[in-house]
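Peer 1: I am sharing query.cif, which consists of mmCIF, C-alpha atoms:
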data_final
loop_
_atom_site.label_atom_id
_atom_site.label_comp_id
_atom_site.auth_asym_id
_atom_site.auth_seq_id
_atom_site.Cartn_x
_atom_site.Cartn_y
_atom_site.Cartn_z
CA MET B 16 -87.43 -126.72 -69.87
CA ARG B 17 -84.02 -125.88 -68.52
CA ASN B 18 -85.07 -122.29 -67.88
CA LEU B 19 -88.23 -123.46 -66.13
CA ALA B 20 -86.17 -125.64 -63.78
CA ALA B 21 -83.85 -122.67 -63.16
CA VAL B 22 -86.79 -120.38 -62.37
CA LEU B 23 -88.21 -122.96 -59.96
CA PHE B 24 -84.81 -123.35 -58.28
CA ILE B 25 -84.33 -119.60 -57.94
CA GLY B 26 -87.85 -119.16 -56.61
CA GLY B 27 -87.29 -121.82 -53.96
CA LEU B 28 -83.91 -120.41 -53.00
CA GLY B 29 -85.36 -116.90 -52.82
CA PHE B 30 -88.24 -118.02 -50.60
CA PHE B 31 -85.84 -119.93 -48.33
CA LEU B 32 -83.44 -116.98 -47.95
CA PHE B 33 -86.30 -114.49 -47.56
CA VAL B 34 -87.85 -116.48 -44.70
CA LEU B 35 -84.44 -117.00 -43.12
CA PHE B 36 -83.43 -113.35 -43.21
CA PHE B 37 -86.73 -111.92 -42.10
CA ARG B 38 -86.61 -114.02 -38.96
CA LEU B 39 -83.34 -112.33 -38.03
CA PRO B 40 -83.58 -109.30 -35.75
CA LEU B 41 -83.09 -106.39 -38.15
CA GLY B 42 -81.31 -103.36 -36.78
CA ALA B 43 -80.66 -105.05 -33.45
CA PRO B 44 -77.63 -104.13 -31.37
CA PRO B 45 -74.40 -105.71 -32.59
CA LEU B 46 -73.31 -109.19 -31.51
CA VAL B 47 -71.25 -109.83 -28.38
CA ALA B 48 -67.81 -109.60 -29.99
CA GLY B 49 -68.74 -106.48 -31.95
CA ALA B 50 -70.17 -104.78 -28.87
CA ALA B 51 -67.04 -105.60 -26.87
CA ILE B 52 -64.80 -104.21 -29.61
CA LEU B 53 -66.90 -101.03 -29.81
CA GLU B 54 -66.65 -100.72 -26.02
CA GLU B 55 -62.92 -101.11 -25.49
CA GLY B 56 -61.28 -101.12 -28.93
CA GLY B 57 -60.18 -97.52 -28.59
CA GLU B 58 -58.26 -98.08 -25.38
CA THR B 59 -56.83 -101.52 -26.21
CA VAL B 60 -55.52 -100.80 -29.69
CA GLY B 61 -55.43 -97.02 -29.88
CA ALA B 62 -56.84 -96.80 -33.43
CA ALA B 63 -59.78 -94.50 -34.04
CA ASN B 64 -61.00 -96.59 -36.98
CA LEU B 65 -62.28 -99.76 -35.35
CA VAL B 66 -62.53 -101.64 -38.66
CA THR B 67 -58.77 -101.22 -39.10
CA ALA B 68 -58.33 -102.25 -35.47
CA VAL B 69 -60.24 -105.48 -36.16
CA LEU B 70 -58.37 -106.06 -39.41
CA LEU B 71 -54.80 -105.45 -38.28
CA ALA B 72 -54.79 -105.90 -34.51
CA TYR B 73 -57.52 -108.32 -33.43
CA ARG B 74 -57.47 -110.47 -36.57
CA GLY B 75 -54.04 -109.67 -38.03
CA MET B 76 -53.50 -113.36 -38.65
CA ASP B 77 -56.55 -113.48 -40.93
CA THR B 78 -55.26 -110.48 -42.86
CA LEU B 79 -52.00 -112.35 -43.40
CA GLY B 80 -54.02 -115.27 -44.78
CA GLU B 81 -55.95 -112.89 -47.02
CA LEU B 82 -52.71 -111.42 -48.34
CA SER B 83 -51.44 -114.89 -49.12
CA ILE B 84 -54.66 -115.68 -51.00
CA LEU B 85 -54.21 -112.52 -53.07
CA PHE B 86 -50.59 -113.48 -53.68
CA ALA B 87 -51.68 -116.95 -54.79
CA ALA B 88 -54.26 -115.45 -57.16
CA ALA B 89 -51.72 -113.05 -58.69
CA THR B 90 -49.19 -115.85 -59.11
CA ALA B 91 -51.80 -118.11 -60.68
CA VAL B 92 -52.81 -115.40 -63.16
CA GLY B 93 -49.17 -114.99 -64.15
CA LEU B 94 -48.88 -118.75 -64.50
CA VAL B 95 -52.07 -119.13 -66.56
CA LEU B 96 -51.31 -116.25 -68.91
CA GLY B 97 -47.65 -117.17 -69.36
CA ARG B 98 -44.67 -114.89 -69.80
CA ARG B 99 -44.03 -114.83 -73.50
CA GLN B 100 -42.48 -112.00 -75.46
CA LEU B 101 -44.56 -108.87 -75.53
CA VAL B 102 -46.34 -108.04 -78.77
CA VAL B 103 -48.53 -105.19 -77.59
CA SER B 104 -50.48 -104.09 -80.65
CA ASP B 105 -52.45 -101.26 -79.05
CA PRO B 106 -51.47 -97.84 -80.38
CA GLU B 107 -50.40 -95.06 -78.07
CA GLY B 108 -53.25 -92.96 -76.69
CA GLY B 109 -54.01 -89.50 -78.02
CA PHE B 110 -52.75 -86.23 -76.54
CA ILE B 111 -55.68 -85.81 -74.14
CA LEU B 112 -55.32 -89.35 -72.78
CA ARG B 113 -51.57 -88.99 -72.30
CA ALA B 114 -51.77 -85.55 -70.68
CA GLY B 115 -54.66 -86.70 -68.49
CA SER B 116 -52.75 -89.72 -67.28
CA ASP B 117 -49.70 -87.59 -66.54
CA LEU B 118 -51.89 -85.23 -64.52
CA LEU B 119 -53.69 -88.04 -62.70
CA PHE B 120 -50.56 -89.95 -61.70
CA PRO B 121 -49.28 -87.65 -58.92
CA LEU B 122 -52.81 -86.95 -57.64
CA LEU B 123 -53.68 -90.64 -57.39
CA LEU B 124 -50.31 -91.33 -55.75
CA VAL B 125 -50.91 -88.69 -53.08
CA VAL B 126 -54.51 -89.80 -52.44
CA GLY B 127 -53.47 -93.44 -52.22
CA LEU B 128 -50.65 -92.76 -49.77
CA TYR B 129 -52.93 -90.50 -47.72
CA VAL B 130 -55.61 -93.19 -47.49
CA ILE B 131 -53.02 -95.79 -46.47
CA LEU B 132 -51.31 -93.61 -43.86
CA HIS B 133 -54.58 -92.44 -42.29
CA GLY B 134 -56.09 -95.92 -42.28
CA HIS B 135 -56.21 -96.02 -38.49
CA LEU B 136 -57.94 -92.62 -38.22
CA THR B 137 -60.35 -92.24 -41.14
CA PRO B 138 -62.30 -94.58 -43.42
CA GLY B 139 -59.79 -96.41 -45.56
CA GLY B 140 -56.65 -98.37 -44.92
CA GLY B 141 -54.13 -100.57 -46.63
CA PHE B 142 -56.47 -102.35 -49.01
CA GLN B 143 -58.39 -99.30 -50.21
CA GLY B 144 -55.28 -97.16 -50.56
CA GLY B 145 -53.48 -100.01 -52.29
CA VAL B 146 -56.18 -100.16 -54.94
CA ILE B 147 -55.80 -96.41 -55.55
CA LEU B 148 -52.01 -96.86 -55.83
CA ALA B 149 -52.55 -99.65 -58.35
CA ALA B 150 -54.81 -97.34 -60.37
CA ALA B 151 -52.11 -94.63 -60.23
CA PHE B 152 -49.61 -96.98 -61.84
CA PHE B 153 -52.08 -98.57 -64.26
CA VAL B 154 -53.51 -95.38 -65.80
CA PRO B 155 -50.18 -94.41 -67.49
CA VAL B 156 -49.95 -97.95 -68.87
CA LEU B 157 -53.39 -97.54 -70.43
CA ALA B 158 -52.29 -94.31 -72.08
CA ARG B 159 -48.96 -95.75 -73.30
CA PRO B 160 -49.46 -99.50 -73.68
CA ARG B 161 -46.05 -100.10 -75.18
CA ARG B 162 -44.15 -98.89 -72.17
CA GLY B 163 -45.72 -101.42 -69.79
CA LEU B 164 -44.73 -101.99 -66.20
CA ASP B 165 -41.62 -103.70 -64.87
CA HIS B 166 -42.95 -106.99 -63.52
CA GLY B 167 -39.66 -107.75 -61.77
CA LEU B 168 -39.81 -104.49 -59.82
CA LEU B 169 -43.47 -105.12 -58.92
CA SER B 170 -42.62 -108.60 -57.65
CA PHE B 171 -39.75 -107.12 -55.62
CA VAL B 172 -42.00 -104.49 -53.97
CA GLU B 173 -44.65 -107.12 -53.33
CA GLY B 174 -42.20 -109.53 -51.71
CA LEU B 175 -40.63 -106.77 -49.64
CA ALA B 176 -44.03 -105.62 -48.34
CA GLY B 177 -45.10 -109.16 -47.49
CA ALA B 178 -41.80 -109.81 -45.72
CA ALA B 179 -42.23 -106.55 -43.78
CA PHE B 180 -45.71 -107.63 -42.62
CA ILE B 181 -44.41 -110.98 -41.40
CA GLY B 182 -41.31 -109.33 -39.96
CA ILE B 183 -43.39 -106.93 -37.84
CA GLY B 184 -45.44 -109.90 -36.69
CA LEU B 185 -42.31 -111.85 -35.70
CA TRP B 186 -40.92 -108.79 -33.93
CA ALA B 187 -44.11 -108.69 -31.84
CA LEU B 188 -43.79 -112.44 -31.27
CA PHE B 189 -40.32 -112.02 -29.76
CA ALA B 190 -41.09 -108.82 -27.86
CA ARG B 191 -44.53 -109.65 -26.47
CA ASP B 192 -45.05 -113.39 -27.07
CA ALA B 193 -47.98 -112.76 -29.43
CA PHE B 194 -47.79 -112.74 -33.24
CA LEU B 195 -48.75 -109.35 -34.77
CA GLU B 196 -49.54 -107.73 -31.43
CA PRO B 197 -49.34 -103.91 -31.74
CA LEU B 198 -46.07 -102.52 -30.38
CA LEU B 199 -44.50 -99.09 -29.92
CA GLY B 200 -47.15 -97.74 -27.58
CA LYS B 201 -50.63 -96.56 -28.38
CA GLY B 202 -50.03 -92.83 -28.53
CA VAL B 203 -52.83 -90.29 -28.42
CA LEU B 204 -56.13 -91.43 -29.94
CA GLY B 205 -56.75 -89.65 -33.22
CA HIS B 206 -53.18 -88.52 -33.91
CA LEU B 207 -51.25 -89.58 -37.01
CA PHE B 208 -48.48 -91.28 -35.02
CA SER B 209 -50.67 -93.45 -32.84
CA ALA B 210 -51.87 -97.04 -32.63
CA GLY B 211 -48.32 -98.45 -32.48
CA THR B 212 -47.33 -100.62 -35.44
CA LEU B 213 -50.73 -100.41 -37.15
CA PRO B 214 -49.70 -97.68 -39.64
CA LEU B 215 -46.60 -99.72 -40.55
CA LEU B 216 -48.70 -102.83 -41.13
CA SER B 217 -51.16 -100.72 -43.11
CA MET B 218 -48.30 -99.42 -45.27
CA ALA B 219 -47.07 -102.97 -45.93
CA VAL B 220 -50.59 -104.12 -46.86
CA GLY B 221 -51.08 -101.10 -49.12
CA LEU B 222 -47.81 -101.57 -51.01
CA LYS B 223 -48.43 -105.29 -51.42
CA VAL B 224 -52.00 -104.87 -52.66
CA GLY B 225 -51.00 -102.02 -54.96
CA ALA B 226 -48.12 -103.94 -56.54
CA GLU B 227 -50.19 -107.09 -56.90
CA LEU B 228 -53.21 -105.41 -58.49
CA ALA B 229 -51.06 -103.32 -60.84
CA GLY B 230 -49.26 -106.49 -61.95
CA LEU B 231 -52.57 -108.34 -62.35
CA MET B 232 -54.18 -105.65 -64.51
CA THR B 233 -51.05 -105.16 -66.60
CA SER B 234 -50.67 -108.85 -67.33
CA LEU B 235 -54.35 -109.10 -68.25
CA MET B 236 -53.94 -106.13 -70.59
CA GLU B 237 -50.80 -107.58 -72.15
CA ALA B 238 -52.58 -110.90 -72.68
CA GLU B 239 -54.89 -109.16 -75.13
CA GLY B 240 -52.19 -108.01 -77.49
CA ARG B 241 -50.08 -111.12 -77.47
CA GLU B 242 -49.81 -113.74 -80.17
CA SER B 243 -50.16 -117.29 -78.96
CA MET P 17 -95.76 -104.75 -42.92
CA ALA P 18 -94.46 -101.36 -43.92
CA LEU P 19 -91.29 -101.38 -45.99
CA ASP P 20 -88.61 -99.42 -44.20
CA PHE P 21 -85.17 -98.54 -45.50
CA VAL P 22 -83.41 -101.62 -44.11
CA SER P 23 -86.01 -103.99 -45.54
CA ILE P 24 -85.55 -102.45 -48.97
CA LEU P 25 -81.80 -102.94 -48.67
CA TYR P 26 -82.32 -106.56 -47.60
CA ILE P 27 -84.62 -107.23 -50.53
CA GLY P 28 -82.14 -105.58 -52.90
CA ALA P 29 -79.26 -107.68 -51.57
CA LEU P 30 -81.34 -110.86 -51.84
CA GLY P 31 -82.38 -109.85 -55.35
CA LEU P 32 -78.74 -109.36 -56.39
CA LEU P 33 -77.84 -112.76 -54.97
CA LEU P 34 -80.78 -114.44 -56.72
CA LEU P 35 -80.11 -112.67 -60.03
CA GLY P 36 -76.49 -113.78 -59.91
CA THR P 37 -77.48 -117.36 -59.11
CA PHE P 38 -80.05 -117.32 -61.93
CA GLY P 39 -77.33 -116.17 -64.31
CA LEU P 40 -74.98 -118.87 -63.07
CA VAL P 41 -77.61 -121.55 -63.70
CA THR P 42 -78.95 -120.40 -67.06
CA THR P 43 -76.14 -118.80 -69.04
CA THR P 44 -74.08 -120.73 -71.56
CA HIS P 45 -71.46 -118.04 -72.07
CA LEU P 46 -68.27 -118.08 -70.03
CA PHE P 47 -67.90 -114.32 -69.63
CA ARG P 48 -71.51 -113.92 -68.54
CA LEU P 49 -70.83 -116.67 -66.02
CA ILE P 50 -68.04 -114.57 -64.50
CA LEU P 51 -70.30 -111.49 -64.45
CA ALA P 52 -73.07 -113.50 -62.76
CA LEU P 53 -70.58 -114.66 -60.14
CA ALA P 54 -69.59 -111.04 -59.48
CA LEU P 55 -73.27 -110.07 -59.14
CA ALA P 56 -74.00 -112.87 -56.65
CA GLU P 57 -70.90 -111.90 -54.72
CA ALA P 58 -72.04 -108.28 -54.47
CA GLY P 59 -75.36 -109.49 -53.05
CA VAL P 60 -73.65 -111.66 -50.45
CA ASN P 61 -71.36 -108.80 -49.43
CA LEU P 62 -74.32 -106.47 -49.04
CA LEU P 63 -76.13 -109.06 -46.90
CA LEU P 64 -73.07 -109.44 -44.66
CA ILE P 65 -72.72 -105.67 -44.25
CA LEU P 66 -76.42 -105.36 -43.45
CA SER P 67 -76.15 -107.97 -40.70
CA GLY P 68 -74.14 -105.46 -38.66
CA TYR P 69 -76.32 -102.45 -39.47
CA ARG P 70 -78.26 -100.48 -36.90
CA GLY P 71 -80.75 -97.80 -37.77
CA GLY P 72 -79.35 -94.30 -37.39
CA ALA P 73 -76.00 -95.53 -36.10
CA GLN P 74 -72.56 -93.98 -36.63
CA PRO P 75 -69.69 -95.54 -38.58
CA PRO P 76 -67.35 -97.44 -36.24
CA ILE P 77 -64.78 -94.64 -36.02
CA LEU P 78 -64.09 -93.03 -32.66
CA GLY P 79 -64.33 -89.27 -32.53
CA PHE P 80 -66.01 -89.09 -35.95
CA GLY P 81 -69.50 -88.03 -34.98
CA PRO P 82 -71.48 -87.33 -31.79
CA GLN P 83 -70.04 -89.25 -28.87
CA ASP P 84 -73.18 -90.83 -27.40
CA MET P 85 -74.60 -92.23 -30.66
CA PRO P 86 -74.57 -96.03 -31.17
CA MET P 87 -72.11 -97.41 -33.70
CA VAL P 88 -72.53 -100.20 -36.24
CA ASP P 89 -70.82 -103.54 -35.75
CA PRO P 90 -67.24 -103.34 -37.13
CA ILE P 91 -66.72 -107.10 -37.53
CA PRO P 92 -68.94 -107.63 -40.63
CA GLN P 93 -67.23 -104.67 -42.28
CA ALA P 94 -63.78 -106.18 -41.74
CA LEU P 95 -65.12 -109.52 -43.01
CA VAL P 96 -66.55 -107.96 -46.15
CA LEU P 97 -63.27 -106.16 -46.82
CA THR P 98 -61.65 -109.59 -46.82
CA ALA P 99 -64.42 -111.01 -49.02
CA ILE P 100 -64.08 -108.20 -51.59
CA VAL P 101 -60.33 -108.67 -51.88
CA ILE P 102 -60.67 -112.42 -52.31
CA GLY P 103 -63.46 -111.86 -54.84
CA VAL P 104 -61.11 -109.69 -56.89
CA GLY P 105 -58.54 -112.48 -56.85
CA VAL P 106 -61.10 -115.07 -57.94
CA GLN P 107 -62.41 -112.87 -60.74
CA ALA P 108 -58.91 -112.09 -62.01
CA LEU P 109 -58.09 -115.78 -62.11
CA ALA P 110 -61.38 -116.59 -63.87
CA VAL P 111 -60.81 -113.88 -66.48
CA ALA P 112 -57.25 -115.10 -67.06
CA ALA P 113 -58.53 -118.64 -67.59
CA ALA P 114 -61.20 -117.31 -69.98
CA VAL P 115 -58.52 -115.45 -71.96
CA ARG P 116 -56.51 -118.64 -72.33
CA ILE P 117 -59.59 -120.62 -73.36
CA TYR P 118 -60.56 -118.02 -75.95
CA ARG P 119 -57.05 -118.04 -77.39
CA ARG P 120 -57.10 -121.83 -77.69
CA TYR P 121 -60.61 -122.46 -79.02
CA GLY P 122 -61.80 -119.09 -80.31
CA THR P 123 -65.13 -119.31 -78.50
CA LEU P 124 -66.53 -118.78 -75.02
CA ASP P 125 -69.77 -120.70 -75.56
CA LEU P 126 -69.94 -123.44 -72.95
CA VAL P 127 -71.68 -126.00 -75.19
CA ALA P 128 -69.11 -125.61 -77.96
CA LEU P 129 -66.30 -125.62 -75.39
CA LYS P 130 -67.53 -128.88 -73.91
CA ALA P 131 -67.44 -130.55 -77.32
CA HIS P 132 -63.94 -129.14 -77.99
CA LEU P 133 -62.60 -130.24 -74.62
CA GLU P 134 -64.05 -133.75 -74.85
CA GLY P 135 -62.73 -134.12 -78.40
CA ASP P 136 -59.27 -133.00 -77.24
CA LEU P 137 -59.28 -135.37 -74.30
CA ALA P 138 -60.40 -138.28 -76.47
CA ARG P 139 -57.71 -137.52 -79.07
CA LYS P 140 -55.06 -137.43 -76.39
CA GLN P 141 -56.18 -140.78 -75.02
CA GLY P 142 -56.55 -142.27 -78.50
CA ILE P 143 -60.21 -143.22 -78.11
CA ALA P 144 -63.31 -142.33 -80.06
CA PRO P 145 -64.91 -139.01 -79.06
CA PRO P 146 -67.85 -139.52 -76.70
CA LYS P 147 -71.32 -139.51 -78.15
CA SER P 148 -73.97 -137.17 -76.89
CA ALA P 149 -76.31 -138.70 -74.34
CA GLU P 150 -79.28 -136.78 -75.76
CA LYS P 151 -78.75 -136.97 -79.52
CA PRO P 152 -80.14 -140.14 -81.25
CA ALA P 153 -77.35 -142.58 -82.05
CA GLY P 154 -78.12 -142.96 -85.76
CA GLU P 155 -80.47 -141.88 -88.50
CA ARG P 156 -84.14 -142.12 -87.74
CA PRO P 157 -85.44 -145.21 -89.57
CA LEU P 158 -87.83 -144.52 -92.41
CA SER P 159 -91.43 -145.52 -92.02
CA PRO P 160 -92.13 -148.89 -93.69
CA VAL P 161 -95.37 -147.49 -95.10
CA PRO P 162 -94.60 -145.77 -98.42
CA PRO P 163 -95.67 -142.16 -98.44
CA ARG P 164 -99.06 -141.57 -99.92
CA PRO P 165 -98.80 -140.07 -103.40
CA GLN P 166 -99.64 -136.43 -103.33
CA GLU P 167 -102.82 -135.33 -105.03
CA PRO P 168 -102.04 -132.59 -107.51
#
Translate the structure of the given file into structure tokens.
Peer 2:
Amino acid sequence: MRNLAAVLFIGGLGFFLFVLFFRLPLGAPPLVAGAAILEEGGETVGAANLVTAVLLAYRGMDTLGELSILFAAATAVGLVLGRRQLVVSDPEGGFILRAGSDLLFPLLLVVGLYVILHGHLTPGGGFQGGVILAAAFFVPVLARPRRGLDHGLLSFVEGLAGAAFIGIGLWALFARDAFLEPLLGKGVLGHLFSAGTLPLLSMAVGLKVGAELAGLMTSLMEAEGRES
Amino acid sequence: MALDFVSILYIGALGLLLLGTFGLVTTTHLFRLILALALAEAGVNLLLILSGYRGGAQPPILGFGPQDMPMVDPIPQALVLTAIVIGVGVQALAVAAAVRIYRRYGTLDLVALKAHLEGDLARKQGIAPPKSAEKPAGERPLSPVPPRPQEP
């Protein structure tokens, strides 16, 4: 009976959404704002990757809100799981796991930093690179669960990165009367040192996301081996 | 109507969304609930991305491909990046809550959890635990007619 009601509900919802979406113009040219950004985003911001331009220049304020949501989620996970003494019961990984994690760590670090620093030129940016950085620091923890990660240091990096993001925004507020407006000149389109403060903002976002995700995953892993 | 590539993607995204919603409605297991939420979220993200798609268009990166080709809308992509990050936060919080619940009650079954939670609340308030709205209140009364003796 319950499943029948669920099937009816899903069928109705599916029909509704299907009709709604097939009335939309598929593959039509982008909307007004998107077309305008495609037209002049390169000259106004100086970033080759227009998604990063939208994320950090046009809607930098929203990215700050997103970072605060992620911060709230990480804090809430720490709060829910508690900070009791560590009783990690997982044994240390075998030789292959440990050697593999040692090999992967520098490679993941380099790839993550590359993706963050080239966020304004190539696909990628602070969030994507930050996730790779978090993986770089989490893989050794998986191989050696007893060593863990220093949560205090992670919190410090996270706070520093968030403060840097807001600080760059305030700097722009005092220099140009607009919060998070790109400074330092646009440079040459497509060069590494271009797009003003966007790479700096990208770096701050990447470090913050990396520290937060690494802390999240480590506290979830530690929750498994802990006695309540 | 011939099914082109974009239509197939739309149907797939709608299917993911509907599958996730179906799981949300029907499952009685907390972890499957979280997985269903992730599935529905993937469908919504795919729908958002598709809303900015143009057939045969370039990614929105200047100097990446041929100059005169049209590019896809960058705004849905930035939006979906936001949505993915927030989804990760929501899922991490949900998993953390599930870990705490499992540690406290030793089960993730929603029906059992509801009974546990209501019992706990009632004990804390010092009242009798609530009775089920569906279960009969007492024993079923016996029929006044004595059962017919069985023929051997």
Peer 1: Given the file above and the PyMOL selection byres ((chain B and resi 113) around 10), which residues are selected, and can you give them as a ChimeraX atom specification?
Peer 2: /B:107-112,114-119,154-159
Peer 1: One decimal, Å: what's the distance from CA of Leu109 in chain P over to CA of Leu228 in chain B, could you say?
Peer 2: 12.0 Å
Peer 1: Taking the file as shown, find all residues satisfying the PyMOL selection byres ((chain B) within 7 of (chain P)) and write them as JSON, numbers by chain.
Peer 2: {"B": [18, 21, 25, 29, 42, 43, 44, 45, 49, 63, 64, 65, 66, 69, 70, 81, 84, 85, 88, 91, 92, 95, 96, 235]}
Peer 1: In Å, rounded to a single decimal, give me how far CA of Ile24 in chain P is from CA of Gly59 in chain P.
Peer 2: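 Spanning CA of Gly59 in chain P to CA of Ile24 in chain P is a straight-line distance of 13.0 Å.
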Peer 1: On this structure, which residues satisfy the PyMOL selection byres ((chain B and resi 127-140) around 7), written as a list of chain:residue names?
Peer 2: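 Given this file, the PyMOL selection byres ((chain B and resi 127-140) around 7) evaluates to B:Ala62, B:Ala63, B:Asn64, B:Thr67, B:Leu123, B:Leu124, B:Val125, B:Val126, B:Gly141, B:Phe142, B:Gln143, B:Gly144, B:Gly145, B:Ile147, B:Leu148, B:Gly205, B:Leu207, B:Pro214, B:Ser217, B:Met218, B:Gly221.
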Peer 1: Between CA of Leu71 in chain B and CA of Ala51 in chain B, what is the spacing in Å?
Peer 2: 16.7 Å
Peer 1: Around the point (-70.1, -122.4, -70.9) in the file's coordinates, collect all residues with an atom within 6 Å, using all atoms listed in the file, and return them as a ChimeraX atom specification.
Peer 2: /P:44-46,125-127
Peer 1: Which polymer residues have any atom within 10 Å of an atom of Gly75 in chain B, counting only C-alpha atoms, with same-chain residues fewer than 5 positions away left out, as a VMD selection string?
Peer 2: chain B and resid 67 to 70 80 to 81 180 184 194 to 197 213 216
Peer 1: Keeping only C-alpha atoms, write the selected residues to a file as an mmCIF file, keeping the file's coordinate frame.
Peer 2:
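To be explicit, this is the file written out as selection-v7.cif:
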data_model
loop_
_atom_site.group_PDB
_atom_site.id
_atom_site.type_symbol
_atom_site.label_atom_id
_atom_site.label_comp_id
_atom_site.auth_asym_id
_atom_site.auth_seq_id
_atom_site.Cartn_x
_atom_site.Cartn_y
_atom_site.Cartn_z
ATOM 1 C CA THR B 67 -58.770 -101.220 -39.100
ATOM 2 C CA ALA B 68 -58.330 -102.250 -35.470
ATOM 3 C CA VAL B 69 -60.240 -105.480 -36.160
ATOM 4 C CA LEU B 70 -58.370 -106.060 -39.410
ATOM 5 C CA GLY B 80 -54.020 -115.270 -44.780
ATOM 6 C CA GLU B 81 -55.950 -112.890 -47.020
ATOM 7 C CA PHE B 180 -45.710 -107.630 -42.620
ATOM 8 C CA GLY B 184 -45.440 -109.900 -36.690
ATOM 9 C CA PHE B 194 -47.790 -112.740 -33.240
ATOM 10 C CA LEU B 195 -48.750 -109.350 -34.770
ATOM 11 C CA GLU B 196 -49.540 -107.730 -31.430
ATOM 12 C CA PRO B 197 -49.340 -103.910 -31.740
ATOM 13 C CA LEU B 213 -50.730 -100.410 -37.150
ATOM 14 C CA LEU B 216 -48.700 -102.830 -41.130
#
Peer 1: I'd like to know which of P:Leu133, P:Leu124, P:Leu64, P:Met85 is closest to Arg48 in chain P, using only C-alpha atoms.
Peer 2: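 Closest candidate: P:Leu124.
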Peer 1: Any chance you could model all heavy atoms for range 207-211 of chain B and send them as a PDB file, in the frame of the given file?
Peer 2:
ATOM      1  N   LEU B 207     -51.801 -88.804 -35.893  1.00  0.00           N
ATOM      2  CA  LEU B 207     -51.250 -89.580 -37.010  1.00  0.00           C
ATOM      3  C   LEU B 207     -50.305 -90.657 -36.498  1.00  0.00           C
ATOM      4  O   LEU B 207     -50.378 -91.809 -36.908  1.00  0.00           O
ATOM      5  CB  LEU B 207     -50.550 -88.644 -37.985  1.00  0.00           C
ATOM      6  CG  LEU B 207     -49.947 -89.318 -39.208  1.00  0.00           C
ATOM      7  CD1 LEU B 207     -51.016 -90.068 -39.970  1.00  0.00           C
ATOM      8  CD2 LEU B 207     -49.301 -88.306 -40.119  1.00  0.00           C
ATOM      9  N   PHE B 208     -49.412 -90.298 -35.556  1.00  0.00           N
ATOM     10  CA  PHE B 208     -48.480 -91.280 -35.020  1.00  0.00           C
ATOM     11  C   PHE B 208     -49.079 -91.884 -33.761  1.00  0.00           C
ATOM     12  O   PHE B 208     -48.722 -91.538 -32.644  1.00  0.00           O
ATOM     13  CB  PHE B 208     -47.125 -90.637 -34.719  1.00  0.00           C
ATOM     14  CG  PHE B 208     -46.418 -90.226 -35.962  1.00  0.00           C
ATOM     15  CD1 PHE B 208     -46.337 -88.899 -36.325  1.00  0.00           C
ATOM     16  CD2 PHE B 208     -45.849 -91.180 -36.792  1.00  0.00           C
ATOM     17  CE1 PHE B 208     -45.698 -88.519 -37.484  1.00  0.00           C
ATOM     18  CE2 PHE B 208     -45.212 -90.814 -37.950  1.00  0.00           C
ATOM     19  CZ  PHE B 208     -45.137 -89.481 -38.305  1.00  0.00           C
ATOM     20  N   SER B 209     -50.062 -92.769 -33.978  1.00  0.00           N
ATOM     21  CA  SER B 209     -50.670 -93.450 -32.840  1.00  0.00           C
ATOM     22  C   SER B 209     -50.913 -94.899 -33.256  1.00  0.00           C
ATOM     23  O   SER B 209     -50.561 -95.312 -34.359  1.00  0.00           O
ATOM     24  CB  SER B 209     -51.980 -92.772 -32.435  1.00  0.00           C
ATOM     25  OG  SER B 209     -52.925 -92.874 -33.466  1.00  0.00           O
ATOM     26  N   ALA B 210     -51.487 -95.654 -32.357  1.00  0.00           N
ATOM     27  CA  ALA B 210     -51.870 -97.040 -32.630  1.00  0.00           C
ATOM     28  C   ALA B 210     -50.664 -97.935 -32.915  1.00  0.00           C
ATOM     29  O   ALA B 210     -50.793 -98.965 -33.560  1.00  0.00           O
ATOM     30  CB  ALA B 210     -52.863 -97.141 -33.772  1.00  0.00           C
ATOM     31  N   GLY B 211     -49.465 -97.552 -32.428  1.00  0.00           N
ATOM     32  CA  GLY B 211     -48.320 -98.450 -32.480  1.00  0.00           C
ATOM     33  C   GLY B 211     -47.916 -98.832 -33.890  1.00  0.00           C
ATOM     34  O   GLY B 211     -47.709 -97.977 -34.759  1.00  0.00           O
TER      35      GLY B 211
END
